[in-house]
Amino acid sequence: MALLQSGAFFLIFAAFNAAQSLAGVIPGPPNIASYQFAALYGTYTLLCIPAPKIVDWLGPKLSMVLGAVPYTLLVVSFLFPGYCHGGVVDHCWSEGTVTAVKLTAGALVGVGAPLLWTGQGIYLARAAAWSVQLGGGAETATSGTSLLGSIGLKERVGEANKEFNGLFFTLFQASGATGLCVSSLILTLVKGTEALPVLFIALASCCGCGIVALVCLLPALKAVPKDADDTEDKAEVTLFQTLELFFTDSRMYLLVPNVIYNGMSLGFIWFTYNAYVWGTGLGASFVGFGSAAFYLVNAACTQLTKIMAKKHGQMSVMTLATACHALFFLFFMFYDVDPALCDPEICAGTHHLSMNGTKPLPLYSCFKKGPPVNSSTTLTSLPCHGGTGPSCDTCEVFTAHTRNGGDRAQACGDGYAQCEWLHGNVLPPKAMAVVIFFAGAFVFALGDSVWEGQVPAILQTLFDSKSGKQESAMANLKLFQSLGITITFVIAANMDDIKKESLILLCTLVVSSLALVLAHFKVANLDTGKLRSEVGMYDDLA
């Protein structure tokens, strides 16, 4: 069951993650991608509050199906007519229409996401519990057969949660790598204006197949029945139980700082690292491959940290994740990312830019194509050489490193394009810089594999299905994670400084890690879910 669920999410998010990563480079009204995803995550945050009650009423399978439909609609929206600009009005829509469609599509995903992800957490936890209770037989998991025993039940369910979440998030991270690599290949192989329609038809089809898999292949799992010795009835899920759990249960509010940090770190790696590391240092065309490398390493690390968590406990992998991210942010607080610089051979007038009268000094990162070369020009008479010639490009620096008339820093001006490594029009980047970019993504992925793969397992263990709080715990996870993502987008939109953002993330990490330590050693064991008040401070650590 966990494998079927993971496969369906793989298809859905291979498409969605690619669309989300590419949204910023699709022509449209100014800042429309930022507004669209702000609408998505803002709506997502608010609707996580009633999500547990709705999921409890609908059941996790139907909730996942209904929640996934808007994801397909958002991908399909990229096939709609484009934005009219420059006086062109054929086969395009006005700015108001495009804006309305994009914001509506984003908000609808924000409506569906709480159902999808709350249902995902509940379904995966039920699958883990059934695998323990019934020996893993998927064919009997919906039959309501009596339990096989309850000796060490919490411990065994806790181990199953680690295993199942490790599997799920391994495939989930692999979906990002797959979607981005396939998208880059399509955009490379399909020439001209047909590339984007072909890409988004493929992505929409992939997303639709994921929904079909949820509907047709996944059984509708019941909640695990009570043991014969368990006389406590399952608590009723209430409308505002999500907020009630956060404000009243120390197990929840001590984990929330880490969940918020996880969301903020995801926003950082999705936006800031792409824009100011991959995009600045190697060019926008490399963002897809760089992001794919992150997802691929994350998938492998999710399996590694799952094994570590099962063997050494949750606090060991939490310590590893904290160390990785702390080192990452400390490094980028002091490291300067050098922008990709246009080859001075293509830029008009660079022969005037000299250092001590010797070599041309390249200062430009953006270019505008010069006039076409006459067909009679011979190869021995280069049209642009050393900044002189009839067809040299006009080059300029990035708009600014401060905000300029609303433009994002490190963006090219109107009519200009960035010189990029994959396009072959830049000075070769330093090999060490490329190594640093990849190493940073890999170290970040190792830590992120813990936050995304094991924190859900912890919550599923702390709040089992019989408590009546599991739905609310899963909703809190996505509520505060999406809140963290929103915070990062707001910070990035107003700061444009990777060093300051790194400092903010580092401080948040320290606070969240201290809260995790307090939760584990003072409130409840994160591996078994047992309360310290029930077993003593260290009784269950032997």
# chains A, B, ... in the order shown; residues from 1 in each chain; ligands from 1

call {"tool": "select_by_dssp", "arguments": {"residues": "stretch 237-327 of chain A", "states": "alpha helix (DSSP H)", "output": "JSON, numbers by chain"}}
result
{"A": [241, 242, 243, 244, 245, 246, 247, 248, 250, 251, 252, 253, 256, 257, 258, 259, 260, 261, 262, 263, 264, 265, 266, 267, 273, 280, 281, 282, 287, 288, 289, 290, 291, 292, 293, 294, 295, 296, 297, 298, 299, 300, 301, 302, 303, 304, 305, 306, 307, 308, 309, 310, 311, 312, 314, 315, 316, 317, 318, 319, 320, 321, 322, 323, 324, 325, 326, 327]}

call {"tool": "residues_around", "arguments": {"residues": "stretch 162-178 of chain A", "least_positions_apart": "5", "cutoff": "8 Å", "atoms": "only C-alpha atoms", "output": "ChimeraX atom specification"}}
result
/A:2-3,5-7,9-11,13-14,17-18,124,128,291-296,298-303,305-306,309-310,449,452-454,456-457

call {"tool": "residues_around", "arguments": {"residues": "A:Phe80", "least_positions_apart": "4", "cutoff": "9 Å", "atoms": "only C-alpha atoms", "output": "PyMOL selection string"}}
result
chain A and resi 76+92-93+98
